[in-house]
Structure formats: C-alpha cells, structure tokens
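Undergrad: Okay, handing you the structure first.
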Amino acid sequence: MKRAGDLATVLPAAAPEVWHGFTPHTAAIAFLGLAILVIAGLAGLYLATRRKLTQALTDRAERERDLVAEQARADERTRLAAEMHDVVTHRLNRMVLHAGALRVAAKDDDTRNAAEELRTAGREALAELRDLVGVLRSGRTARIPDVLPDRLANLVADSAATGLEVTLTEHGDADIVSPAVRRTMYRVVQESLTNVHKHAPGAHTEITIHCGPSTVRAVIRNTAPSSTPDTAPPRPGSGLLGLRGRVEMVGGTLTAGPTDDGGFQVDAVLPAFVPT
C-alpha cells in the first residue's frame, strides 16, 4: 500500500484537475479498481484469443481429416480404374484379334468391311481407355477432343452407314458449349443410337440438338420398330442408368421412356458451361 500511496501523491501533481480532492487512501483505491478493470479486460482478450486459436486448430484438424479421406477415396478410384483397365483391355484385345481374323477369312466384301469396322472401333476404344486410365493415374488433364458438331455428325453418319434411318438437326452455336458438356452430349447420342440398333430395327430416328446461351438440350426420338428386335425391349430407363448418372454429374437431367406411337425418346438437358 506504500507504493500506491506514493503514486497517489505524485498523480495529483501531474493532473491536479483530475485528482483534486482525492486523499492518498481514496486515490489508492481508485488506482486499484482501475488495475482490476485492466486485468479483467486483458483476461477477457486472452480468453477470446484462446477460443479463436482453439477453433482454428479444430478446423485445421477437420480439414486435414477430410483431405486424408479424399486421398483415400482417390487412391481407391485409381485402383479400381486400373483393375477395370486390365479386365476391359483383355476383352477388347480379344475382340480386335477376332475381328482381324474374321476380316482375313471372310469370303465376301460386306463381311470383310464389317470386320474391319469392328476392329477399328475396338482399337479406338482401347486408345480412349488407356488415355482415361492414364488421367486417373497421373492427374493430368484429359486429352479428349471436343465432339460437337464434327464428331457428332460422324457418329450419325456411321449409324446411317449400317442401314439406320437417322437425321440430325442442330440449332444454335455449338462453340459456346464447354468440353465436359460436349463429351456428355456425345455419350447421350451414342448410347441412344446403340439402343435403337439393338431394340428398334427399321425405326426412323430423329436427333435434335439445341445449343442455347445457358443450356444445351438433346432429344433423340425413334419411331416404333418395323421388325421384331433380336433382344427383348428394355424397360423404360433401364440401360440408361449409368448415362443418367453421367449427365447429373455435370448438373444436367435426363429422361427416357416410350412414346405414344410405340417408339422411344431420350431427352437430356445440360448447362452450356461446366468448368473443366
């Protein structure tokens, strides 16, 4: 208390208008109260800073756990992709070899041409599969070319060459469509044409592509088959579940089902731009 009393005698001399009328005892009490307030303020600031630091450390630990979990999922996807590559590559290689042998042994031009087309398609599938698996393993950017409008037209031409009556109508500017949407749209048309070949022989197919400023829409509609298909007709939407999942991955929607005239329609709507 001696030091407080000494300070109380000094402070009035420095600021007489503040300390006028204070006795050493009351000045000591006031100084002690001020010190308590300062200490309480510092304690509150310390506790608030400690809470923020604790929360930051907790958030960082959660982010690290999320990163570890995501890395584990990525490793598992890479492992599954490698296994898929081994299995599918083996089957495709056998298909390519058998197609090559058929082309050599064929007695007529039509069979030889069909075998060559099958061999070429198998080799292209192998190349795309190796590239996609390489993307998963290395993390590099996929070198998959855009597919609208040039490759889409080629796809339709290939189907027409096999005897399928198919027309393609395009509206809007396809250049505004981002690569991810281009690839997805290509797969929608490809899978739809495959289903027409398998389940609707002799049907007429109309493909309409609308490229708007914000959305892209593909409608693939075929008439009723003119002859009985070799395989049983699919249930509405079956066989397209994987394709629907791919469309939804880029923020789009896909509906598929029979039409009133006995045909079938696939309708896909996707955003025009998806970051890649």
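We label chains A, B, ... in the order they appear in the structure tokens, count residues from 1 in each chain, and number ligands from 1 in the order shown.
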Please report, as a PyMOL selection string, each residue of region 44-269 of chain A to which DSSP assigns helix (DSSP H, G or I) when run on this structure's backbone.

TA: chain A and resi 44-105+109-138+150-161+174-176+179-199+241-249

Undergrad: From the set A:Leu240, A:Ala200, A:Thr215, A:Leu80, which residue has the shortest atom-to-atom contact distance to Gly262 (chain A), counting only C-alpha atoms?

TA: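 Using only C-alpha atoms, the shortest distance to Gly262 (chain A) belongs to A:Ala200.
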
Undergrad: Which residues, written as a list in words, have at least one atom at most 9 Å from Val189 (chain A), with only C-alpha atoms counted and residues fewer than 6 positions away on the same chain left out?

TA: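 Here the qualifying residues turn out to be Leu152, Leu155, Val156, Ile207, Ala218, Val219, Ile220 and Val266 of chain A.
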
Undergrad: Those residues you just picked out, can you put them in a file as a short mmCIF file (atom, residue, chain, number, x, y, z; two decimals), in the first residue's frame with N, CA and C atoms?

TA:
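Final output, saved to part.cif:
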data_model
loop_
_atom_site.label_atom_id
_atom_site.label_comp_id
_atom_site.auth_asym_id
_atom_site.auth_seq_id
_atom_site.Cartn_x
_atom_site.Cartn_y
_atom_site.Cartn_z
N LEU A 152 -19.97 -35.56 -83.67
CA LEU A 152 -21.36 -35.96 -83.54
C LEU A 152 -21.93 -36.29 -84.92
N LEU A 155 -20.64 -39.61 -85.93
CA LEU A 155 -21.34 -40.68 -85.24
C LEU A 155 -22.67 -41.00 -85.94
N VAL A 156 -23.39 -39.97 -86.32
CA VAL A 156 -24.66 -40.18 -87.02
C VAL A 156 -24.41 -40.82 -88.39
N ILE A 207 -32.60 -36.87 -84.30
CA ILE A 207 -31.75 -36.29 -83.25
C ILE A 207 -31.80 -34.78 -83.40
N ALA A 218 -30.56 -32.17 -75.91
CA ALA A 218 -30.51 -33.19 -76.95
C ALA A 218 -31.75 -34.08 -76.82
N VAL A 219 -32.48 -34.21 -77.89
CA VAL A 219 -33.66 -35.07 -77.93
C VAL A 219 -33.44 -36.11 -79.01
N ILE A 220 -33.43 -37.38 -78.62
CA ILE A 220 -33.26 -38.49 -79.56
C ILE A 220 -34.55 -39.30 -79.52
N VAL A 266 -35.30 -40.15 -75.72
CA VAL A 266 -34.33 -39.76 -74.70
C VAL A 266 -34.20 -38.25 -74.78
#

Undergrad: Which polymer residues have any atom within 10 Å of an atom of Asp173 (chain A), counting only C-alpha atoms, with same-chain residues fewer than 2 positions away left out, as a list in words?

TA: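 With the cut-off at 10 Å, the set is Pro149, Glu170, His171, Asp175, Ile176, Val177, His210, Cys211, Gly212 and Pro213 of chain A.
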
Undergrad: Export N, CA and C atoms of the chosen residues as an mmCIF file, in the first residue's frame?

TA:
data_model
loop_
_atom_site.group_PDB
_atom_site.id
_atom_site.type_symbol
_atom_site.label_atom_id
_atom_site.label_comp_id
_atom_site.auth_asym_id
_atom_site.auth_seq_id
_atom_site.Cartn_x
_atom_site.Cartn_y
_atom_site.Cartn_z
ATOM 1 N N PRO A 149 -19.530 -29.890 -83.284
ATOM 2 C CA PRO A 149 -20.502 -30.706 -84.002
ATOM 3 C C PRO A 149 -19.885 -31.794 -84.880
ATOM 4 N N GLU A 170 -29.407 -29.443 -85.855
ATOM 5 C CA GLU A 170 -28.730 -28.669 -84.817
ATOM 6 C C GLU A 170 -29.187 -27.220 -84.870
ATOM 7 N N HIS A 171 -29.415 -26.639 -83.691
ATOM 8 C CA HIS A 171 -29.816 -25.237 -83.568
ATOM 9 C C HIS A 171 -28.856 -24.542 -82.603
ATOM 10 N N ASP A 175 -20.204 -23.693 -80.408
ATOM 11 C CA ASP A 175 -18.906 -23.273 -79.888
ATOM 12 C C ASP A 175 -18.969 -22.799 -78.445
ATOM 13 N N ILE A 176 -20.148 -22.434 -77.971
ATOM 14 C CA ILE A 176 -20.261 -21.956 -76.591
ATOM 15 C C ILE A 176 -20.320 -23.103 -75.591
ATOM 16 N N VAL A 177 -20.461 -24.320 -76.070
ATOM 17 C CA VAL A 177 -20.600 -25.476 -75.174
ATOM 18 C C VAL A 177 -19.224 -25.873 -74.651
ATOM 19 N N HIS A 210 -30.213 -28.552 -79.392
ATOM 20 C CA HIS A 210 -30.444 -27.122 -79.186
ATOM 21 C C HIS A 210 -29.317 -26.575 -78.307
ATOM 22 N N CYS A 211 -28.523 -25.651 -78.838
ATOM 23 C CA CYS A 211 -27.434 -25.023 -78.082
ATOM 24 C C CYS A 211 -27.839 -23.586 -77.760
ATOM 25 N N GLY A 212 -28.280 -23.337 -76.537
ATOM 26 C CA GLY A 212 -28.680 -22.009 -76.120
ATOM 27 C C GLY A 212 -27.579 -21.325 -75.336
ATOM 28 N N PRO A 213 -27.798 -20.091 -74.912
ATOM 29 C CA PRO A 213 -26.766 -19.361 -74.175
ATOM 30 C C PRO A 213 -26.456 -19.945 -72.799
#

Undergrad: Show which residues sit within 10 Å of Glu248 (chain A), as an MDAnalysis selection string. Count only C-alpha atoms, and ignore same-chain residues fewer than 5 positions away.

TA: chainID A and resid 184 242:243 253:254 268:270

Undergrad: From the options A:His98, A:Arg119, A:Arg221, A:Arg187, which residue's atoms come nearest to Ala203 (chain A), counting only C-alpha atoms?

TA: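 Of A:His98, A:Arg119, A:Arg221, A:Arg187, the one nearest Ala203 (chain A), counting only C-alpha atoms, is A:Arg221.
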
Undergrad: Name the residues of region 30-204 of chain A that fall into strand (DSSP E) according to DSSP on the backbone, using the chain letters and numbers of this document, as a list of chain:residue names.

TA: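 DSSP on the backbone gives strand (DSSP E) at A:Glu165, A:Val166, A:Thr167, A:Leu168, A:Thr169, A:Glu170, A:His171, A:Gly172, A:His204.
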
Undergrad: At what distance in Å, to one decimal, does CA of Ala99 (chain A) lie from CA of Ala125 (chain A)?

TA: 14.0 Å
